[in-house]
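Q: Below is coords.pdb; it holds PDB, C-alpha atoms.
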ATOM      1  CA  MET A1423     -55.194 -35.373   1.790  1.00  0.00           C
ATOM      2  CA  GLN A1424     -58.396 -36.912   0.482  1.00  0.00           C
ATOM      3  CA  LEU A1425     -61.941 -35.720   1.177  1.00  0.00           C
ATOM      4  CA  ASN A1426     -65.082 -37.774   0.922  1.00  0.00           C
ATOM      5  CA  GLU A1427     -68.437 -36.120   1.465  1.00  0.00           C
ATOM      6  CA  THR A1428     -71.632 -38.002   2.259  1.00  0.00           C
ATOM      7  CA  LYS A1429     -75.125 -37.213   3.450  1.00  0.00           C
ATOM      8  CA  ASP A1430     -76.487 -39.237   6.352  1.00  0.00           C
ATOM      9  CA  GLY A1431     -80.029 -38.068   6.990  1.00  0.00           C
ATOM     10  CA  LYS A1432     -79.761 -34.461   8.111  1.00  0.00           C
ATOM     11  CA  TYR A1433     -75.983 -34.741   8.609  1.00  0.00           C
ATOM     12  CA  TRP A1434     -73.384 -33.649   6.059  1.00  0.00           C
ATOM     13  CA  ILE A1435     -70.252 -35.660   6.775  1.00  0.00           C
ATOM     14  CA  ILE A1436     -66.842 -34.683   5.430  1.00  0.00           C
ATOM     15  CA  ALA A1437     -64.335 -37.495   5.873  1.00  0.00           C
ATOM     16  CA  VAL A1438     -60.738 -36.311   5.889  1.00  0.00           C
ATOM     17  CA  ALA A1439     -57.896 -38.740   5.191  1.00  0.00           C
ATOM     18  CA  GLY A1440     -54.159 -38.062   5.284  1.00  0.00           C
ATOM     19  CA  ASP A1441     -52.333 -34.847   6.163  1.00  0.00           C
ATOM     20  CA  VAL A1442     -54.060 -31.474   6.553  1.00  0.00           C
ATOM     21  CA  ASP A1443     -51.206 -29.022   6.081  1.00  0.00           C
ATOM     22  CA  ALA A1444     -50.473 -25.668   4.459  1.00  0.00           C
ATOM     23  CA  SER A1445     -50.893 -27.121   0.973  1.00  0.00           C
ATOM     24  CA  SER A1446     -54.039 -29.169   1.466  1.00  0.00           C
ATOM     25  CA  SER A1447     -56.066 -27.206   4.031  1.00  0.00           C
ATOM     26  CA  ILE A1448     -57.582 -24.971   1.358  1.00  0.00           C
ATOM     27  CA  HIS A1449     -59.487 -27.958  -0.035  1.00  0.00           C
ATOM     28  CA  LEU A1450     -60.990 -28.698   3.380  1.00  0.00           C
ATOM     29  CA  ASP A1451     -61.926 -25.040   3.734  1.00  0.00           C
ATOM     30  CA  LYS A1452     -63.644 -25.101   0.355  1.00  0.00           C
ATOM     31  CA  ALA A1453     -65.579 -28.246   1.293  1.00  0.00           C
ATOM     32  CA  ILE A1454     -66.882 -26.619   4.479  1.00  0.00           C
ATOM     33  CA  GLU A1455     -67.652 -23.409   2.614  1.00  0.00           C
ATOM     34  CA  ALA A1456     -69.629 -25.375   0.004  1.00  0.00           C
ATOM     35  CA  ALA A1457     -71.590 -27.171   2.728  1.00  0.00           C
ATOM     36  CA  LEU A1458     -72.472 -23.840   4.338  1.00  0.00           C
ATOM     37  CA  GLN A1459     -73.416 -22.330   0.969  1.00  0.00           C
ATOM     38  CA  THR A1460     -75.869 -25.145   0.338  1.00  0.00           C
ATOM     39  CA  GLY A1461     -77.465 -24.477   3.716  1.00  0.00           C
ATOM     40  CA  GLN A1462     -76.259 -27.519   5.626  1.00  0.00           C
ATOM     41  CA  LYS A1463     -77.087 -27.126   9.322  1.00  0.00           C
ATOM     42  CA  ASN A1464     -75.364 -30.256  10.610  1.00  0.00           C
ATOM     43  CA  ILE A1465     -71.765 -30.574   9.473  1.00  0.00           C
ATOM     44  CA  LEU A1466     -69.595 -33.346  10.866  1.00  0.00           C
ATOM     45  CA  ILE A1467     -65.905 -33.937  10.214  1.00  0.00           C
ATOM     46  CA  ASP A1468     -64.885 -37.594  10.185  1.00  0.00           C
ATOM     47  CA  GLY A1469     -61.245 -37.535  11.299  1.00  0.00           C
ATOM     48  CA  THR A1470     -60.868 -41.293  11.599  1.00  0.00           C
ATOM     49  CA  LYS A1471     -58.295 -41.389   8.800  1.00  0.00           C
ATOM     50  CA  MET A1472     -56.680 -38.017   9.465  1.00  0.00           C
ATOM     51  CA  GLN A1473     -52.975 -38.636  10.043  1.00  0.00           C
ATOM     52  CA  TYR A1474     -51.696 -35.127  10.698  1.00  0.00           C
ATOM     53  CA  ILE A1475     -52.938 -31.583  11.129  1.00  0.00           C
ATOM     54  CA  ALA A1476     -50.903 -28.372  11.062  1.00  0.00           C
ATOM     55  CA  SER A1477     -51.954 -24.869  12.058  1.00  0.00           C
ATOM     56  CA  ALA A1478     -53.346 -24.226   8.584  1.00  0.00           C
ATOM     57  CA  GLY A1479     -55.818 -27.042   9.192  1.00  0.00           C
ATOM     58  CA  LEU A1480     -56.695 -25.786  12.669  1.00  0.00           C
ATOM     59  CA  GLY A1481     -57.219 -22.359  11.122  1.00  0.00           C
ATOM     60  CA  VAL A1482     -59.924 -23.744   8.851  1.00  0.00           C
ATOM     61  CA  PHE A1483     -61.987 -24.701  11.899  1.00  0.00           C
ATOM     62  CA  VAL A1484     -61.054 -21.736  14.102  1.00  0.00           C
ATOM     63  CA  SER A1485     -62.047 -19.220  11.408  1.00  0.00           C
ATOM     64  CA  ARG A1486     -65.520 -20.796  11.198  1.00  0.00           C
ATOM     65  CA  ILE A1487     -66.425 -20.944  14.897  1.00  0.00           C
ATOM     66  CA  GLU A1488     -68.250 -17.621  14.855  1.00  0.00           C
ATOM     67  CA  GLU A1489     -69.951 -18.405  11.546  1.00  0.00           C
ATOM     68  CA  PHE A1490     -71.258 -21.704  12.896  1.00  0.00           C
ATOM     69  CA  LYS A1491     -72.741 -19.782  15.831  1.00  0.00           C
ATOM     70  CA  ASP A1492     -74.234 -17.097  13.586  1.00  0.00           C
ATOM     71  CA  LYS A1493     -75.820 -19.641  11.262  1.00  0.00           C
ATOM     72  CA  GLU A1494     -76.783 -22.019  14.079  1.00  0.00           C
ATOM     73  CA  VAL A1495     -74.836 -24.837  12.482  1.00  0.00           C
ATOM     74  CA  HIS A1496     -74.256 -27.975  14.510  1.00  0.00           C
ATOM     75  CA  PHE A1497     -70.571 -28.755  13.931  1.00  0.00           C
ATOM     76  CA  ALA A1498     -68.522 -31.579  15.399  1.00  0.00           C
ATOM     77  CA  ILE A1499     -65.289 -33.427  14.717  1.00  0.00           C
ATOM     78  CA  PHE A1500     -65.096 -37.120  15.518  1.00  0.00           C
ATOM     79  CA  GLY A1501     -62.733 -40.098  15.348  1.00  0.00           C
ATOM     80  CA  LEU A1502     -59.429 -38.261  15.828  1.00  0.00           C
ATOM     81  CA  ASN A1503     -56.480 -40.381  16.898  1.00  0.00           C
ATOM     82  CA  ASP A1504     -54.617 -39.298  20.063  1.00  0.00           C
ATOM     83  CA  ARG A1505     -51.801 -37.706  18.097  1.00  0.00           C
ATOM     84  CA  VAL A1506     -54.080 -35.401  16.079  1.00  0.00           C
ATOM     85  CA  LYS A1507     -56.390 -34.709  19.021  1.00  0.00           C
ATOM     86  CA  ASN A1508     -53.368 -33.538  21.012  1.00  0.00           C
ATOM     87  CA  VAL A1509     -52.706 -30.810  18.423  1.00  0.00           C
ATOM     88  CA  PHE A1510     -56.166 -29.361  19.138  1.00  0.00           C
ATOM     89  CA  GLN A1511     -55.460 -29.614  22.865  1.00  0.00           C
ATOM     90  CA  ILE A1512     -52.151 -27.709  22.705  1.00  0.00           C
ATOM     91  CA  LEU A1513     -54.038 -24.429  22.242  1.00  0.00           C
ATOM     92  CA  GLY A1514     -57.214 -25.449  24.053  1.00  0.00           C
ATOM     93  CA  LEU A1515     -59.232 -25.732  20.835  1.00  0.00           C
ATOM     94  CA  ASP A1516     -60.873 -28.852  22.238  1.00  0.00           C
ATOM     95  CA  LYS A1517     -62.739 -26.414  24.529  1.00  0.00           C
ATOM     96  CA  LEU A1518     -63.934 -24.243  21.635  1.00  0.00           C
ATOM     97  CA  LEU A1519     -64.855 -27.000  19.194  1.00  0.00           C
ATOM     98  CA  SER A1520     -66.954 -30.092  19.715  1.00  0.00           C
ATOM     99  CA  ILE A1521     -64.459 -32.970  19.447  1.00  0.00           C
ATOM    100  CA  VAL A1522     -65.935 -36.364  20.229  1.00  0.00           C
ATOM    101  CA  ALA A1523     -65.048 -40.014  19.895  1.00  0.00           C
ATOM    102  CA  ASP A1524     -67.428 -41.318  17.260  1.00  0.00           C
ATOM    103  CA  LEU A1525     -70.208 -40.583  14.793  1.00  0.00           C
ATOM    104  CA  GLN A1526     -72.956 -41.361  17.255  1.00  0.00           C
ATOM    105  CA  GLN A1527     -71.637 -38.825  19.752  1.00  0.00           C
ATOM    106  CA  ALA A1528     -71.074 -36.298  16.978  1.00  0.00           C
ATOM    107  CA  LYS A1529     -74.728 -36.539  16.042  1.00  0.00           C
ATOM    108  CA  THR A1530     -75.987 -36.123  19.579  1.00  0.00           C
ATOM    109  CA  THR A1531     -73.488 -33.665  21.087  1.00  0.00           C
TER     110      THR A1531
ATOM    111  CA  MET B  44     -25.255 -36.298  17.051  1.00  0.00           C
ATOM    112  CA  ILE B  45     -26.389 -33.930  14.302  1.00  0.00           C
ATOM    113  CA  HIS B  46     -28.922 -34.967  11.684  1.00  0.00           C
ATOM    114  CA  TYR B  47     -28.943 -32.751   8.600  1.00  0.00           C
ATOM    115  CA  TYR B  48     -31.518 -32.219   5.862  1.00  0.00           C
ATOM    116  CA  LYS B  49     -31.643 -29.649   3.074  1.00  0.00           C
ATOM    117  CA  VAL B  50     -34.608 -28.982   0.769  1.00  0.00           C
ATOM    118  CA  ASN B  51     -35.747 -26.423  -1.755  1.00  0.00           C
ATOM    119  CA  CYS B  52     -38.322 -23.899  -0.598  1.00  0.00           C
ATOM    120  CA  HIS B  53     -41.410 -25.450  -2.131  1.00  0.00           C
ATOM    121  CA  ALA B  54     -44.566 -26.311  -0.199  1.00  0.00           C
ATOM    122  CA  ASP B  55     -44.561 -29.849  -1.604  1.00  0.00           C
ATOM    123  CA  ASN B  56     -41.370 -30.448   0.377  1.00  0.00           C
ATOM    124  CA  LEU B  57     -43.048 -29.861   3.747  1.00  0.00           C
ATOM    125  CA  LYS B  58     -44.107 -33.500   3.813  1.00  0.00           C
ATOM    126  CA  LEU B  59     -40.485 -34.564   3.221  1.00  0.00           C
ATOM    127  CA  ILE B  60     -39.323 -32.385   6.110  1.00  0.00           C
ATOM    128  CA  ARG B  61     -41.950 -33.956   8.381  1.00  0.00           C
ATOM    129  CA  GLU B  62     -40.785 -37.422   7.342  1.00  0.00           C
ATOM    130  CA  PHE B  63     -37.170 -36.505   8.069  1.00  0.00           C
ATOM    131  CA  VAL B  64     -37.987 -35.324  11.606  1.00  0.00           C
ATOM    132  CA  LYS B  65     -40.192 -38.351  12.231  1.00  0.00           C
ATOM    133  CA  VAL B  66     -37.536 -40.820  11.074  1.00  0.00           C
ATOM    134  CA  VAL B  67     -34.834 -39.196  13.218  1.00  0.00           C
ATOM    135  CA  LEU B  68     -36.998 -39.060  16.346  1.00  0.00           C
ATOM    136  CA  ARG B  69     -38.240 -42.631  16.059  1.00  0.00           C
ATOM    137  CA  ASP B  70     -34.708 -43.592  17.046  1.00  0.00           C
ATOM    138  CA  PHE B  71     -35.461 -42.386  20.577  1.00  0.00           C
ATOM    139  CA  ILE B  72     -37.828 -43.541  23.307  1.00  0.00           C
ATOM    140  CA  LEU B  73     -40.479 -40.927  22.608  1.00  0.00           C
ATOM    141  CA  ASN B  74     -44.159 -41.647  22.212  1.00  0.00           C
ATOM    142  CA  GLU B  75     -46.087 -40.814  19.039  1.00  0.00           C
ATOM    143  CA  THR B  76     -47.615 -37.656  20.554  1.00  0.00           C
ATOM    144  CA  GLN B  77     -44.196 -36.312  21.598  1.00  0.00           C
ATOM    145  CA  ILE B  78     -42.787 -37.056  18.153  1.00  0.00           C
ATOM    146  CA  ASN B  79     -45.775 -35.425  16.461  1.00  0.00           C
ATOM    147  CA  GLN B  80     -45.358 -32.255  18.541  1.00  0.00           C
ATOM    148  CA  MET B  81     -41.710 -31.941  17.446  1.00  0.00           C
ATOM    149  CA  VAL B  82     -42.688 -32.627  13.826  1.00  0.00           C
ATOM    150  CA  LEU B  83     -45.424 -30.002  14.097  1.00  0.00           C
ATOM    151  CA  ALA B  84     -43.139 -27.304  15.520  1.00  0.00           C
ATOM    152  CA  VAL B  85     -40.555 -27.833  12.778  1.00  0.00           C
ATOM    153  CA  ASP B  86     -43.301 -27.960  10.143  1.00  0.00           C
ATOM    154  CA  GLU B  87     -44.784 -24.662  11.326  1.00  0.00           C
ATOM    155  CA  VAL B  88     -41.472 -22.805  11.159  1.00  0.00           C
ATOM    156  CA  CYS B  89     -40.628 -24.337   7.769  1.00  0.00           C
ATOM    157  CA  THR B  90     -44.109 -23.461   6.479  1.00  0.00           C
ATOM    158  CA  ASN B  91     -43.565 -19.827   7.466  1.00  0.00           C
ATOM    159  CA  ILE B  92     -40.184 -19.772   5.761  1.00  0.00           C
ATOM    160  CA  ILE B  93     -41.287 -21.554   2.582  1.00  0.00           C
ATOM    161  CA  CYS B  94     -44.703 -19.952   2.100  1.00  0.00           C
ATOM    162  CA  HIS B  95     -43.994 -16.441   3.404  1.00  0.00           C
ATOM    163  CA  SER B  96     -40.282 -15.603   3.640  1.00  0.00           C
ATOM    164  CA  ALA B  97     -39.247 -17.499   0.499  1.00  0.00           C
ATOM    165  CA  GLU B  98     -42.600 -17.088  -1.268  1.00  0.00           C
ATOM    166  CA  ASN B  99     -42.556 -20.722  -2.378  1.00  0.00           C
ATOM    167  CA  ASN B 100     -39.478 -20.158  -4.529  1.00  0.00           C
ATOM    168  CA  PRO B 101     -37.703 -23.495  -5.206  1.00  0.00           C
ATOM    169  CA  ASP B 102     -34.509 -21.632  -6.128  1.00  0.00           C
ATOM    170  CA  LYS B 103     -34.137 -20.935  -2.416  1.00  0.00           C
ATOM    171  CA  ALA B 104     -33.333 -23.617   0.144  1.00  0.00           C
ATOM    172  CA  LEU B 105     -33.556 -24.279   3.831  1.00  0.00           C
ATOM    173  CA  GLU B 106     -31.645 -26.580   6.142  1.00  0.00           C
ATOM    174  CA  VAL B 107     -32.990 -28.484   9.108  1.00  0.00           C
ATOM    175  CA  ASN B 108     -30.509 -29.736  11.692  1.00  0.00           C
ATOM    176  CA  ILE B 109     -31.546 -31.885  14.621  1.00  0.00           C
ATOM    177  CA  ILE B 110     -29.014 -32.020  17.409  1.00  0.00           C
ATOM    178  CA  ASP B 111     -29.580 -34.539  20.171  1.00  0.00           C
ATOM    179  CA  THR B 112     -27.866 -34.504  23.533  1.00  0.00           C
ATOM    180  CA  PHE B 113     -28.647 -36.768  26.457  1.00  0.00           C
ATOM    181  CA  ASP B 114     -31.640 -34.759  27.663  1.00  0.00           C
ATOM    182  CA  MET B 115     -32.417 -32.211  24.961  1.00  0.00           C
ATOM    183  CA  LEU B 116     -33.362 -31.935  21.322  1.00  0.00           C
ATOM    184  CA  GLU B 117     -32.354 -28.819  19.441  1.00  0.00           C
ATOM    185  CA  PHE B 118     -33.871 -28.036  16.059  1.00  0.00           C
ATOM    186  CA  GLU B 119     -31.939 -25.563  13.943  1.00  0.00           C
ATOM    187  CA  ILE B 120     -33.645 -24.254  10.816  1.00  0.00           C
ATOM    188  CA  ILE B 121     -31.610 -22.062   8.496  1.00  0.00           C
ATOM    189  CA  ASP B 122     -32.786 -20.161   5.454  1.00  0.00           C
ATOM    190  CA  LYS B 123     -30.651 -18.044   3.177  1.00  0.00           C
ATOM    191  CA  HIS B 124     -31.608 -14.974   1.192  1.00  0.00           C
ATOM    192  CA  CYS B 125     -35.176 -15.070   2.474  1.00  0.00           C
ATOM    193  CA  ALA B 126     -37.140 -12.225   4.047  1.00  0.00           C
ATOM    194  CA  HIS B 127     -36.099 -11.573   7.625  1.00  0.00           C
ATOM    195  CA  PHE B 128     -38.455 -12.572  10.415  1.00  0.00           C
ATOM    196  CA  ASP B 129     -37.945 -10.098  13.249  1.00  0.00           C
ATOM    197  CA  PRO B 130     -39.061 -11.595  16.569  1.00  0.00           C
ATOM    198  CA  ALA B 131     -38.967  -8.101  18.097  1.00  0.00           C
ATOM    199  CA  ASN B 132     -41.912  -7.174  15.885  1.00  0.00           C
ATOM    200  CA  TYR B 133     -43.837 -10.352  16.651  1.00  0.00           C
ATOM    201  CA  ILE B 134     -46.816  -9.821  18.903  1.00  0.00           C
ATOM    202  CA  ARG B 135     -48.160 -13.081  20.265  1.00  0.00           C
ATOM    203  CA  PRO B 136     -51.790 -13.149  19.167  1.00  0.00           C
ATOM    204  CA  CYS B 137     -54.624 -13.991  21.516  1.00  0.00           C
ATOM    205  CA  LEU B 138     -56.613 -17.076  20.497  1.00  0.00           C
ATOM    206  CA  GLN B 139     -59.915 -15.411  21.414  1.00  0.00           C
ATOM    207  CA  THR B 140     -59.073 -12.534  19.066  1.00  0.00           C
ATOM    208  CA  ILE B 141     -58.241 -14.929  16.232  1.00  0.00           C
ATOM    209  CA  VAL B 142     -61.592 -16.661  16.746  1.00  0.00           C
ATOM    210  CA  LYS B 143     -63.495 -13.379  16.953  1.00  0.00           C
ATOM    211  CA  GLU B 144     -61.799 -11.969  13.852  1.00  0.00           C
ATOM    212  CA  ARG B 145     -62.377 -15.272  12.003  1.00  0.00           C
ATOM    213  CA  ARG B 146     -58.728 -15.484  11.032  1.00  0.00           C
ATOM    214  CA  LYS B 147     -57.239 -18.585   9.443  1.00  0.00           C
ATOM    215  CA  GLY B 148     -53.653 -17.615  10.206  1.00  0.00           C
ATOM    216  CA  GLY B 149     -51.684 -16.682  13.267  1.00  0.00           C
ATOM    217  CA  ILE B 150     -51.888 -20.017  15.038  1.00  0.00           C
ATOM    218  CA  GLY B 151     -48.614 -21.574  13.881  1.00  0.00           C
ATOM    219  CA  LEU B 152     -46.217 -19.676  16.091  1.00  0.00           C
ATOM    220  CA  LEU B 153     -48.624 -20.024  19.006  1.00  0.00           C
ATOM    221  CA  LEU B 154     -48.286 -23.784  18.637  1.00  0.00           C
ATOM    222  CA  VAL B 155     -44.500 -23.560  18.387  1.00  0.00           C
ATOM    223  CA  GLY B 156     -44.330 -21.413  21.525  1.00  0.00           C
ATOM    224  CA  ASN B 157     -46.520 -23.822  23.469  1.00  0.00           C
ATOM    225  CA  ILE B 158     -44.624 -26.917  22.348  1.00  0.00           C
ATOM    226  CA  MET B 159     -41.022 -25.781  22.703  1.00  0.00           C
ATOM    227  CA  ASP B 160     -39.151 -24.750  25.862  1.00  0.00           C
ATOM    228  CA  ASP B 161     -37.162 -22.107  24.040  1.00  0.00           C
ATOM    229  CA  VAL B 162     -37.368 -20.463  20.603  1.00  0.00           C
ATOM    230  CA  GLN B 163     -34.791 -18.030  19.246  1.00  0.00           C
ATOM    231  CA  VAL B 164     -34.363 -16.411  15.863  1.00  0.00           C
ATOM    232  CA  ASN B 165     -31.050 -14.899  14.796  1.00  0.00           C
ATOM    233  CA  HIS B 166     -30.385 -12.941  11.647  1.00  0.00           C
ATOM    234  CA  ASP B 167     -27.220 -11.906   9.899  1.00  0.00           C
ATOM    235  CA  ASN B 168     -26.740 -10.378   6.473  1.00  0.00           C
ATOM    236  CA  THR B 169     -27.759 -13.395   4.447  1.00  0.00           C
ATOM    237  CA  GLN B 170     -29.530 -15.888   6.665  1.00  0.00           C
ATOM    238  CA  ASN B 171     -32.093 -16.449   9.399  1.00  0.00           C
ATOM    239  CA  THR B 172     -31.450 -19.150  11.977  1.00  0.00           C
ATOM    240  CA  TRP B 173     -34.264 -20.516  14.108  1.00  0.00           C
ATOM    241  CA  ARG B 174     -33.246 -22.495  17.204  1.00  0.00           C
ATOM    242  CA  MET B 175     -35.877 -24.412  19.111  1.00  0.00           C
ATOM    243  CA  ARG B 176     -35.082 -26.507  22.153  1.00  0.00           C
ATOM    244  CA  LYS B 177     -37.053 -29.129  24.025  1.00  0.00           C
ATOM    245  CA  SER B 178     -35.916 -30.973  27.116  1.00  0.00           C
ATOM    246  CA  PHE B 179     -36.844 -34.571  27.818  1.00  0.00           C
ATOM    247  CA  ALA B 180     -36.143 -37.011  30.608  1.00  0.00           C
ATOM    248  CA  PRO B 181     -32.616 -38.370  29.923  1.00  0.00           C
ATOM    249  CA  LEU B 182     -33.816 -41.912  29.244  1.00  0.00           C
ATOM    250  CA  SER B 183     -36.196 -40.613  26.558  1.00  0.00           C
ATOM    251  CA  LEU B 184     -33.278 -39.654  24.372  1.00  0.00           C
ATOM    252  CA  SER B 185     -31.483 -42.944  24.793  1.00  0.00           C
ATOM    253  CA  ARG B 186     -31.189 -44.644  21.473  1.00  0.00           C
ATOM    254  CA  LEU B 187     -33.497 -47.597  21.103  1.00  0.00           C
ATOM    255  CA  ALA B 188     -30.697 -49.762  19.714  1.00  0.00           C
ATOM    256  CA  GLN B 189     -28.503 -49.152  22.754  1.00  0.00           C
ATOM    257  CA  VAL B 190     -31.306 -49.883  25.194  1.00  0.00           C
ATOM    258  CA  ASN B 191     -32.197 -53.093  23.376  1.00  0.00           C
ATOM    259  CA  PHE B 192     -28.556 -54.132  23.348  1.00  0.00           C
ATOM    260  CA  GLU B 193     -28.247 -53.709  27.114  1.00  0.00           C
TER     261      GLU B 193
END
Can the structure from this file be put into structure tokens for me?
A:
Amino acid sequence: MQLNETKDGKYWIIAVAGDVDASSSIHLDKAIEAALQTGQKNILIDGTKMQYIASAGLGVFVSRIEEFKDKEVHFAIFGLNDRVKNVFQILGLDKLLSIVADLQQAKTT
Amino acid sequence: MIHYYKVNCHADNLKLIREFVKVVLRDFILNETQINQMVLAVDEVCTNIICHSAENNPDKALEVNIIDTFDMLEFEIIDKHCAHFDPANYIRPCLQTIVKERRKGGIGLLLVGNIMDDVQVNHDNTQNTWRMRKSFAPLSLSRLAQVNFE
């Protein structure tokens, strides 16, 4: 898994490429934690190049849902392919997280 | 037909297990989402075995067998000398509770349960055997080569 973090105006975008599994998910968690620690209020996950996600990766997002609410952080995931999006849908996480098609929607959702 | 794969219990090998399942299943008329769900279920069980039961100890090993019949895939995952997972003690967690308690874990077996039609775990003195079954429409498990030939 590779992470690439960029700032686009008020948006902090973390691009995730490759497989988010039990070994790599900790790095994604640390990236989100760092963004929160620096006070980012608009965190977007670019999943365009994400090839696979396991429960460890889902857990990174699930464990932060309440924190995003507490800190009034706008959080969205965009660009997932059908295969990866389906993994979120299996447990209904697409109802608990903002999962949208592209960057533009992620900014406005 | 039975497809067999054996690896050491190290987290780096999870990717190899996923590749094995993917390669075997691409031989059938399944779409990418169906294949990914099977890969995910096997990956979740193997992750539990490697990271928890075997504590990432490469001296231990696990086997993955994929058995295909005309309308069903069976995934058999066997570990030896690893900690015993007792399904009788497993309480299916509630997703809302996981969210509320801000937990990172506990989702894997939920996924497996939602993906598979049937999941069983058997234990004897030295090994745990996970059996997961998923039914498909008969044509789905026709081999691509045979269909192309006809």
Q: Which distance in Å separates CA of Leu105 in chain B and CA of Lys123 in chain B, to one decimal?
A: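 Value for the CA of Leu105 in chain B-CA of Lys123 in chain B distance: 6.9 Å.
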Q: Using all atoms listed in the file, determine which residues of chain A fall within 12 Å of chain B; present them as a PyMOL selection string.
A: chain A and resi 1423+1440-1448+1451+1473-1492+1503-1515+1517-1519
Q: Padding 6 Å on every side, please: axis-aligned box over the listed atoms of range 1471-1477 of chain A, centre and edge lengths to one decimal in Å, as JSON.
A:
{"center_x": -54.6, "center_y": -33.1, "center_z": 10.4, "size_x": 19.4, "size_y": 28.5, "size_z": 15.3}
Q: Compare A:Asn1426, A:Thr1531, A:Val1438, A:Gly1431 by their minimum atom-to-atom distance to Gly1469 in chain A, counting only C-alpha atoms, and give me the closest one.
A: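 Using only C-alpha atoms, the shortest distance to Gly1469 in chain A belongs to A:Val1438.
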Q: Can you tell me, as a ChimeraX atom specification, what residues are no more than 12 Å from Leu1466 in chain A when counting all atoms listed in the file, ignoring any on the same chain fewer than 4 positions away?
A: /A:1426-1430,1432-1438,1453-1454,1457-1458,1462,1470,1483,1490,1495-1501,1519-1522,1524-1531
Q: Quote the spacing between CA of Ala126 in chain B and CA of Asp160 in chain B in Å to one decimal place.
A: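 Computing it gives 25.2 Å between the two atoms.
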Q: Can you translate the PyMOL selection byres ((chain B and resi 178-181) around 12) into the concrete residues it hits in this file, as a PyMOL selection string?
A: chain B and resi 71-74+77-78+81+110-118+158-161+175-177+182-186
Q: If you measure from CA of Ile1467 in chain A to CA of Ala1439 in chain A, what distance in Å do you get, rounded to one decimal?
A: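 Separation between CA of Ile1467 in chain A and CA of Ala1439 in chain A: 10.6 Å.
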Q: The PyMOL selection byres ((chain B and resi 131) around 12) on the file shown: which residues, as a list in words?
A: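 Against this file, the PyMOL selection byres ((chain B and resi 131) around 12) returns the residues His127, Phe128, Asp129, Pro130, Asn132, Tyr133, Ile134, Arg135, Gln163, Val164, Asn165 and His166 of chain B.
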Q: For the residues selected in the previous step, produce a file with C-alpha atoms as a compact mmCIF listing (two decimals), in the coordinates of the input.
A:
# COMPACT_ATOMS: atom_id res chain seq x y z
CA HIS B 127 -36.10 -11.57 7.62
CA PHE B 128 -38.46 -12.57 10.42
CA ASP B 129 -37.94 -10.10 13.25
CA PRO B 130 -39.06 -11.60 16.57
CA ASN B 132 -41.91 -7.17 15.88
CA TYR B 133 -43.84 -10.35 16.65
CA ILE B 134 -46.82 -9.82 18.90
CA ARG B 135 -48.16 -13.08 20.26
CA GLN B 163 -34.79 -18.03 19.25
CA VAL B 164 -34.36 -16.41 15.86
CA ASN B 165 -31.05 -14.90 14.80
CA HIS B 166 -30.38 -12.94 11.65
Q: Measuring between only C-alpha atoms, which one of B:His46, B:Arg69, B:His95, B:Arg174 shows the shortest distance to Ile109 in chain B?
A: B:His46
Q: For the file shown, report as a list in words the outcome of the PyMOL selection byres ((chain B and resi 49) around 6) at residue level.
A: Tyr48, Val50, Leu105 and Glu106 of chain B
Q: N, CA, C and O atoms for range 178-186 of chain B, written as a PDB file, in the coordinates of the input, could you do that?
A:
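Just written: part_30.pdb:
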ATOM      1  N   SER B 178     -36.552 -30.035  26.186  1.00  0.00           N
ATOM      2  CA  SER B 178     -35.916 -30.973  27.116  1.00  0.00           C
ATOM      3  C   SER B 178     -36.797 -32.207  27.313  1.00  0.00           C
ATOM      4  O   SER B 178     -38.026 -32.110  27.299  1.00  0.00           O
ATOM      5  N   PHE B 179     -36.146 -33.313  27.521  1.00  0.00           N
ATOM      6  CA  PHE B 179     -36.844 -34.571  27.818  1.00  0.00           C
ATOM      7  C   PHE B 179     -36.134 -35.252  28.979  1.00  0.00           C
ATOM      8  O   PHE B 179     -34.978 -34.936  29.287  1.00  0.00           O
ATOM      9  N   ALA B 180     -36.819 -36.192  29.598  1.00  0.00           N
ATOM     10  CA  ALA B 180     -36.143 -37.011  30.608  1.00  0.00           C
ATOM     11  C   ALA B 180     -34.980 -37.721  29.922  1.00  0.00           C
ATOM     12  O   ALA B 180     -35.124 -38.174  28.781  1.00  0.00           O
ATOM     13  N   PRO B 181     -33.809 -37.809  30.575  1.00  0.00           N
ATOM     14  CA  PRO B 181     -32.616 -38.370  29.923  1.00  0.00           C
ATOM     15  C   PRO B 181     -32.853 -39.709  29.219  1.00  0.00           C
ATOM     16  O   PRO B 181     -32.409 -39.910  28.104  1.00  0.00           O
ATOM     17  N   LEU B 182     -33.599 -40.588  29.848  1.00  0.00           N
ATOM     18  CA  LEU B 182     -33.816 -41.912  29.244  1.00  0.00           C
ATOM     19  C   LEU B 182     -34.565 -41.814  27.907  1.00  0.00           C
ATOM     20  O   LEU B 182     -34.361 -42.629  27.009  1.00  0.00           O
ATOM     21  N   SER B 183     -35.402 -40.762  27.780  1.00  0.00           N
ATOM     22  CA  SER B 183     -36.196 -40.613  26.558  1.00  0.00           C
ATOM     23  C   SER B 183     -35.323 -40.476  25.331  1.00  0.00           C
ATOM     24  O   SER B 183     -35.690 -40.879  24.232  1.00  0.00           O
ATOM     25  N   LEU B 184     -34.154 -39.866  25.520  1.00  0.00           N
ATOM     26  CA  LEU B 184     -33.278 -39.654  24.372  1.00  0.00           C
ATOM     27  C   LEU B 184     -32.178 -40.705  24.268  1.00  0.00           C
ATOM     28  O   LEU B 184     -31.212 -40.544  23.555  1.00  0.00           O
ATOM     29  N   SER B 185     -32.356 -41.803  25.014  1.00  0.00           N
ATOM     30  CA  SER B 185     -31.483 -42.944  24.793  1.00  0.00           C
ATOM     31  C   SER B 185     -31.867 -43.570  23.461  1.00  0.00           C
ATOM     32  O   SER B 185     -33.044 -43.613  23.119  1.00  0.00           O
ATOM     33  N   ARG B 186     -30.882 -44.021  22.757  1.00  0.00           N
ATOM     34  CA  ARG B 186     -31.189 -44.644  21.473  1.00  0.00           C
ATOM     35  C   ARG B 186     -31.780 -46.041  21.696  1.00  0.00           C
ATOM     36  O   ARG B 186     -31.297 -46.796  22.498  1.00  0.00           O
TER      37      ARG B 186
END
